[in-house]
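my_file13.cif, holding mmCIF, C-alpha atoms:
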data_upload
#
loop_
_atom_site.group_PDB
_atom_site.id
_atom_site.type_symbol
_atom_site.label_atom_id
_atom_site.label_comp_id
_atom_site.auth_asym_id
_atom_site.auth_seq_id
_atom_site.Cartn_x
_atom_site.Cartn_y
_atom_site.Cartn_z
ATOM 1 C CA MET U 1 43.576 94.841 79.352
ATOM 2 C CA ASN U 2 44.787 93.516 76.014
ATOM 3 C CA ILE U 3 46.784 96.696 75.421
ATOM 4 C CA LEU U 4 48.399 96.386 78.838
ATOM 5 C CA LYS U 5 49.495 92.798 78.086
ATOM 6 C CA ARG U 6 51.005 93.876 74.762
ATOM 7 C CA PHE U 7 52.787 96.791 76.411
ATOM 8 C CA ILE U 8 54.269 94.554 79.131
ATOM 9 C CA THR U 9 55.292 91.924 76.558
ATOM 10 C CA ILE U 10 57.023 94.536 74.370
ATOM 11 C CA PHE U 11 58.731 96.039 77.398
ATOM 12 C CA ILE U 12 60.017 92.627 78.554
ATOM 13 C CA VAL U 13 61.255 91.708 75.067
ATOM 14 C CA LEU U 14 63.069 95.021 74.676
ATOM 15 C CA PHE U 15 64.566 94.737 78.135
ATOM 16 C CA LEU U 16 65.862 91.199 77.565
ATOM 17 C CA PHE U 17 67.408 91.896 74.161
ATOM 18 C CA VAL U 18 69.134 95.181 74.915
ATOM 19 C CA PRO U 19 72.869 94.472 74.841
ATOM 20 C CA SER U 20 74.445 94.510 78.259
ATOM 21 C CA SER U 21 77.533 96.291 76.916
ATOM 22 C CA TYR U 22 75.727 99.617 77.074
ATOM 23 C CA GLY U 23 75.789 99.480 80.846
ATOM 24 C CA GLU U 24 79.395 98.370 81.325
ATOM 25 C CA ASP U 25 82.071 100.812 82.324
ATOM 26 C CA LYS U 26 85.652 99.716 82.168
ATOM 27 C CA ILE U 27 86.969 100.261 85.679
ATOM 28 C CA VAL U 28 90.430 99.154 86.768
ATOM 29 C CA TYR U 29 92.637 99.712 89.782
ATOM 30 C CA LEU U 30 96.244 100.669 90.318
ATOM 31 C CA ASP U 31 98.459 100.171 93.377
ATOM 32 C CA LEU U 32 100.252 103.530 93.617
ATOM 33 C CA ASP U 33 102.476 102.410 96.494
ATOM 34 C CA ASN U 34 103.659 99.517 94.346
ATOM 35 C CA VAL U 35 104.264 101.903 91.442
ATOM 36 C CA VAL U 36 106.439 104.117 93.639
ATOM 37 C CA THR U 37 108.458 101.257 95.117
ATOM 38 C CA ASN U 38 108.923 99.290 91.886
ATOM 39 C CA THR U 39 109.598 101.937 89.242
ATOM 40 C CA ASN U 40 113.153 103.123 88.682
ATOM 41 C CA ALA U 41 112.221 106.769 89.268
ATOM 42 C CA GLY U 42 110.305 105.897 92.447
ATOM 43 C CA LYS U 43 113.188 103.785 93.770
ATOM 44 C CA SER U 44 115.571 106.660 93.111
ATOM 45 C CA ILE U 45 113.398 109.065 95.106
ATOM 46 C CA LEU U 46 113.055 106.587 97.970
ATOM 47 C CA ASP U 47 116.835 105.990 98.032
ATOM 48 C CA GLN U 48 117.589 109.721 98.137
ATOM 49 C CA LEU U 49 115.081 110.276 100.923
ATOM 50 C CA GLU U 50 116.434 107.319 102.900
ATOM 51 C CA LYS U 51 120.035 108.600 102.625
ATOM 52 C CA SER U 52 118.939 112.056 103.735
ATOM 53 C CA LYS U 53 117.021 110.585 106.664
ATOM 54 C CA LYS U 54 119.954 108.401 107.762
ATOM 55 C CA SER U 55 122.439 111.262 107.683
ATOM 56 C CA ALA U 56 120.099 113.442 109.747
ATOM 57 C CA LEU U 57 119.547 110.630 112.249
ATOM 58 C CA LEU U 58 123.292 110.116 112.624
ATOM 59 C CA ARG U 59 123.785 113.827 113.290
ATOM 60 C CA PHE U 60 121.020 113.820 115.883
ATOM 61 C CA GLU U 61 122.312 110.695 117.607
ATOM 62 C CA LYS U 62 125.762 112.263 117.862
ATOM 63 C CA LYS U 63 124.333 115.494 119.298
ATOM 64 C CA GLU U 64 122.141 113.537 121.750
ATOM 65 C CA LYS U 65 125.212 111.688 123.035
ATOM 66 C CA GLU U 66 127.033 114.995 123.496
ATOM 67 C CA LEU U 67 124.072 116.426 125.410
ATOM 68 C CA LYS U 68 123.861 113.300 127.573
ATOM 69 C CA ILE U 69 127.574 113.657 128.452
ATOM 70 C CA ILE U 70 127.053 117.320 129.387
ATOM 71 C CA GLU U 71 124.048 116.396 131.525
ATOM 72 C CA ASP U 72 126.039 113.676 133.306
ATOM 73 C CA GLU U 73 128.902 116.117 133.962
ATOM 74 C CA ILE U 74 126.494 118.628 135.473
ATOM 75 C CA LYS U 75 125.019 115.928 137.726
ATOM 76 C CA LYS U 76 128.504 114.904 138.854
ATOM 77 C CA GLN U 77 129.471 118.497 139.633
ATOM 78 C CA LYS U 78 126.189 119.218 141.400
ATOM 79 C CA ASN U 79 127.609 118.888 144.929
ATOM 80 C CA ILE U 80 131.043 120.303 144.081
ATOM 81 C CA ILE U 81 130.232 123.660 142.461
ATOM 82 C CA SER U 82 128.308 126.605 143.853
ATOM 83 C CA GLU U 83 124.582 126.976 143.275
ATOM 84 C CA GLU U 84 125.062 130.003 141.067
ATOM 85 C CA GLU U 85 127.516 128.175 138.841
ATOM 86 C CA LEU U 86 125.172 125.166 138.771
ATOM 87 C CA ARG U 87 122.289 127.410 137.678
ATOM 88 C CA LYS U 88 124.429 128.880 134.900
ATOM 89 C CA LYS U 89 125.382 125.438 133.657
ATOM 90 C CA LEU U 90 121.793 124.194 133.847
ATOM 91 C CA LEU U 91 120.555 127.288 132.042
ATOM 92 C CA GLU U 92 123.188 126.847 129.364
ATOM 93 C CA PHE U 93 122.338 123.151 129.076
ATOM 94 C CA ARG U 94 118.620 123.886 128.761
ATOM 95 C CA LYS U 95 119.293 126.428 126.007
ATOM 96 C CA GLU U 96 121.418 123.926 124.155
ATOM 97 C CA LEU U 97 118.739 121.253 124.600
ATOM 98 C CA SER U 98 116.058 123.649 123.388
ATOM 99 C CA ASN U 99 118.166 124.572 120.350
ATOM 100 C CA PHE U 100 118.685 120.883 119.634
ATOM 101 C CA ARG U 101 114.950 120.190 119.746
ATOM 102 C CA GLN U 102 114.196 123.154 117.501
ATOM 103 C CA GLU U 103 116.884 122.073 115.037
ATOM 104 C CA ARG U 104 115.549 118.527 115.013
ATOM 105 C CA GLN U 105 111.985 119.739 114.396
ATOM 106 C CA LYS U 106 113.218 122.039 111.643
ATOM 107 C CA VAL U 107 115.038 119.155 109.917
ATOM 108 C CA ILE U 108 111.979 116.914 110.243
ATOM 109 C CA ASN U 109 109.760 119.608 108.699
ATOM 110 C CA GLU U 110 112.264 120.188 105.882
ATOM 111 C CA PHE U 111 112.464 116.441 105.241
ATOM 112 C CA ASN U 112 108.666 116.139 105.085
ATOM 113 C CA GLN U 113 108.491 119.126 102.731
ATOM 114 C CA LYS U 114 111.222 117.656 100.512
ATOM 115 C CA LYS U 115 109.400 114.310 100.479
ATOM 116 C CA LYS U 116 106.140 116.001 99.477
ATOM 117 C CA VAL U 117 107.822 117.990 96.688
ATOM 118 C CA GLU U 118 109.667 114.932 95.338
ATOM 119 C CA PHE U 119 106.513 112.810 95.213
ATOM 120 C CA ASP U 120 104.455 115.652 93.734
ATOM 121 C CA GLN U 121 107.010 115.946 90.920
ATOM 122 C CA PHE U 122 107.013 112.164 90.441
ATOM 123 C CA PHE U 123 103.227 112.031 90.179
ATOM 124 C CA LYS U 124 103.235 114.988 87.758
ATOM 125 C CA LYS U 125 105.589 112.984 85.530
ATOM 126 C CA ILE U 126 103.631 109.735 85.646
ATOM 127 C CA THR U 127 100.116 111.166 85.394
ATOM 128 C CA PRO U 128 100.338 111.892 81.624
ATOM 129 C CA ILE U 129 101.740 108.388 81.060
ATOM 130 C CA ILE U 130 98.821 106.829 82.931
ATOM 131 C CA GLU U 131 96.332 109.120 81.157
ATOM 132 C CA LYS U 132 97.716 108.037 77.773
ATOM 133 C CA TYR U 133 97.411 104.366 78.775
ATOM 134 C CA VAL U 134 93.838 104.949 79.949
ATOM 135 C CA SER U 135 92.834 106.602 76.691
ATOM 136 C CA GLU U 136 94.514 103.904 74.555
ATOM 137 C CA LYS U 137 92.762 101.097 76.449
ATOM 138 C CA ASN U 138 89.404 102.923 76.593
ATOM 139 C CA ILE U 139 89.320 102.767 80.379
ATOM 140 C CA ASP U 140 86.612 104.804 82.054
ATOM 141 C CA MET U 141 88.009 104.947 85.576
ATOM 142 C CA VAL U 142 91.202 104.086 87.469
ATOM 143 C CA LEU U 143 90.941 103.610 91.222
ATOM 144 C CA ASP U 144 93.722 103.464 93.796
ATOM 145 C CA ARG U 145 94.167 99.966 95.235
ATOM 146 C CA LYS U 146 93.790 101.319 98.784
ATOM 147 C CA LYS U 147 90.239 102.403 97.986
ATOM 148 C CA VAL U 148 89.190 99.041 96.503
ATOM 149 C CA PHE U 149 87.771 96.492 98.896
ATOM 150 C CA VAL U 150 87.561 93.489 96.552
ATOM 151 C CA ALA U 151 88.250 93.233 92.834
ATOM 152 C CA SER U 152 89.330 90.723 90.252
ATOM 153 C CA LYS U 153 93.072 90.418 89.658
ATOM 154 C CA LYS U 154 92.302 90.965 85.956
ATOM 155 C CA LYS U 155 91.377 94.554 86.792
ATOM 156 C CA ASP U 156 94.828 95.308 88.262
ATOM 157 C CA ILE U 157 96.951 97.341 85.812
ATOM 158 C CA THR U 158 99.855 97.981 88.190
ATOM 159 C CA LYS U 159 102.429 95.741 86.460
ATOM 160 C CA GLU U 160 101.644 97.175 83.037
ATOM 161 C CA ILE U 161 101.922 100.747 84.320
ATOM 162 C CA ILE U 162 105.257 99.993 86.034
ATOM 163 C CA LYS U 163 106.667 98.644 82.755
ATOM 164 C CA ILE U 164 105.453 101.695 80.822
ATOM 165 C CA ILE U 165 106.794 104.162 83.403
ATOM 166 C CA ASN U 166 110.184 102.433 83.494
ATOM 167 C CA ALA U 167 110.335 102.615 79.706
ATOM 168 C CA ASN U 168 109.357 106.302 79.579
ATOM 169 C CA LEU U 169 111.141 107.737 82.631
ATOM 170 C CA LYS U 170 114.858 107.234 82.799
#
Rewrite the structure from the file as structure tokens, please.
Amino acid sequence: MNILKRFITIFIVLFLFVPSSYGEDKIVYLDLDNVVTNTNAGKSILDQLEKSKKSALLRFEKKEKELKIIEDEIKKQKNIISEEELRKKLLEFRKELSNFRQERQKVINEFNQKKKVEFDQFFKKITPIIEKYVSEKNIDMVLDRKKVFVASKKKDITKEIIKIINANLK
């Protein structure tokens, strides 16, 4: 019994005096969306993508208006022209409409691919910068802000990373 008391006492003393720093990992978080929208390189990518998107939308709006005019003309001529001629015009219109839809889908797919490539390249450029920061500050883990439910504002390194990226990427 006496040995058990000594063992428990020693265990409690050791447990209380062990420094708590052995169990602490330095974990921080980073808002990647904020990094993209607030770094010069990220803004440049977003501007290029927005210009590309706007020009494509303008082209599509123009083509849609043209198709709408053609459709209206066919409806107006419906009772005037023969059925065979109406079928030809409808068939031609449907082909043109189908081509338009395929073209639009192709442009959307190309835009999404371009967006993916641009952001992949951006993240390849910033990853070594973030890794260097992490090693200099002895950080164990960096989490994306989207995956963090609640955390102290002191653990947010977004502003520091934005400054470093802007200084390194020009």
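CA of Asn99 in chain U sits 14.0 Å away from CA of Arg59 in chain U.
We find CA of Glu73 in chain U and CA of Leu58 in chain U to be spaced 22.9 Å apart.
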Counting only C-alpha atoms, which residues of range 48-97 of chain U sit at most 12 Å from some atom of range 27-44 of chain U, and what is each one's closest atom pair with its distance in Å to one decimal, listed by chain and rising residue number, as CSV?
residue,atom,partner,partner_atom,distance
U:Gln48,CA,U:Ser44,CA,6.2
U:Leu49,CA,U:Ser44,CA,8.6
U:Glu50,CA,U:Ser44,CA,9.8
U:Lys51,CA,U:Ser44,CA,10.7
Give as an mmCIF file with C-alpha atoms, keeping the file's coordinate frame every residue, naming chains and numbers as the document does, that has an atom within 10 Å of (104.6, 102.4, 84.0), counting all atoms listed in the file.
data_model
loop_
_atom_site.group_PDB
_atom_site.id
_atom_site.type_symbol
_atom_site.label_atom_id
_atom_site.label_comp_id
_atom_site.auth_asym_id
_atom_site.auth_seq_id
_atom_site.Cartn_x
_atom_site.Cartn_y
_atom_site.Cartn_z
ATOM 1 C CA VAL U 35 104.264 101.903 91.442
ATOM 2 C CA VAL U 36 106.439 104.117 93.639
ATOM 3 C CA ASN U 38 108.923 99.290 91.886
ATOM 4 C CA THR U 39 109.598 101.937 89.242
ATOM 5 C CA ASN U 40 113.153 103.123 88.682
ATOM 6 C CA ILE U 126 103.631 109.735 85.646
ATOM 7 C CA THR U 127 100.116 111.166 85.394
ATOM 8 C CA ILE U 129 101.740 108.388 81.060
ATOM 9 C CA ILE U 130 98.821 106.829 82.931
ATOM 10 C CA TYR U 133 97.411 104.366 78.775
ATOM 11 C CA ILE U 157 96.951 97.341 85.812
ATOM 12 C CA THR U 158 99.855 97.981 88.190
ATOM 13 C CA LYS U 159 102.429 95.741 86.460
ATOM 14 C CA GLU U 160 101.644 97.175 83.037
ATOM 15 C CA ILE U 161 101.922 100.747 84.320
ATOM 16 C CA ILE U 162 105.257 99.993 86.034
ATOM 17 C CA LYS U 163 106.667 98.644 82.755
ATOM 18 C CA ILE U 164 105.453 101.695 80.822
ATOM 19 C CA ILE U 165 106.794 104.162 83.403
ATOM 20 C CA ASN U 166 110.184 102.433 83.494
ATOM 21 C CA ALA U 167 110.335 102.615 79.706
ATOM 22 C CA ASN U 168 109.357 106.302 79.579
ATOM 23 C CA LEU U 169 111.141 107.737 82.631
#
Mind telling me what the PyMOL selection byres ((chain U and resi 102-112) around 8) catches here, as an mmCIF file with C-alpha atoms, in the frame of the given file?
data_model
loop_
_atom_site.group_PDB
_atom_site.id
_atom_site.type_symbol
_atom_site.label_atom_id
_atom_site.label_comp_id
_atom_site.auth_asym_id
_atom_site.auth_seq_id
_atom_site.Cartn_x
_atom_site.Cartn_y
_atom_site.Cartn_z
ATOM 1 C CA LEU U 49 115.081 110.276 100.923
ATOM 2 C CA SER U 52 118.939 112.056 103.735
ATOM 3 C CA LYS U 53 117.021 110.585 106.664
ATOM 4 C CA ALA U 56 120.099 113.442 109.747
ATOM 5 C CA PHE U 60 121.020 113.820 115.883
ATOM 6 C CA SER U 98 116.058 123.649 123.388
ATOM 7 C CA ASN U 99 118.166 124.572 120.350
ATOM 8 C CA PHE U 100 118.685 120.883 119.634
ATOM 9 C CA ARG U 101 114.950 120.190 119.746
ATOM 10 C CA GLN U 113 108.491 119.126 102.731
ATOM 11 C CA LYS U 114 111.222 117.656 100.512
ATOM 12 C CA LYS U 115 109.400 114.310 100.479
ATOM 13 C CA LYS U 116 106.140 116.001 99.477
#
Q.
Need the shell around range 86-95 of chain U: protein/DNA/RNA residues with any atom at most 9 Å away, counting all atoms listed in the file. Skip same-chain ones fewer than 6 positions apart. Format as an MDAnalysis selection string?
A. chainID U and resid 67 70:71 74 77:78
Only C-alpha atoms, please: the residues just picked out, written as a CSV table (one decimal), keeping the file's coordinate frame.
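Writing done, so here's result-v4.csv:
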chain,number,residue,atom,x,y,z
U,67,LEU,CA,124.1,116.4,125.4
U,70,ILE,CA,127.1,117.3,129.4
U,71,GLU,CA,124.0,116.4,131.5
U,74,ILE,CA,126.5,118.6,135.5
U,77,GLN,CA,129.5,118.5,139.6
U,78,LYS,CA,126.2,119.2,141.4
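The residues returned by the PyMOL selection byres ((chain U and resi 141) around 9) for this structure are U:Asp25, U:Lys26, U:Ile27, U:Val28, U:Tyr29, U:Val134, U:Ile139, U:Asp140, U:Val142, U:Leu143.
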Q | Option closest in space to Val117 in chain U, from U:Val150, U:Ile45, U:Leu97, U:Ile3 [counting only C-alpha atoms] | A | U:Ile45
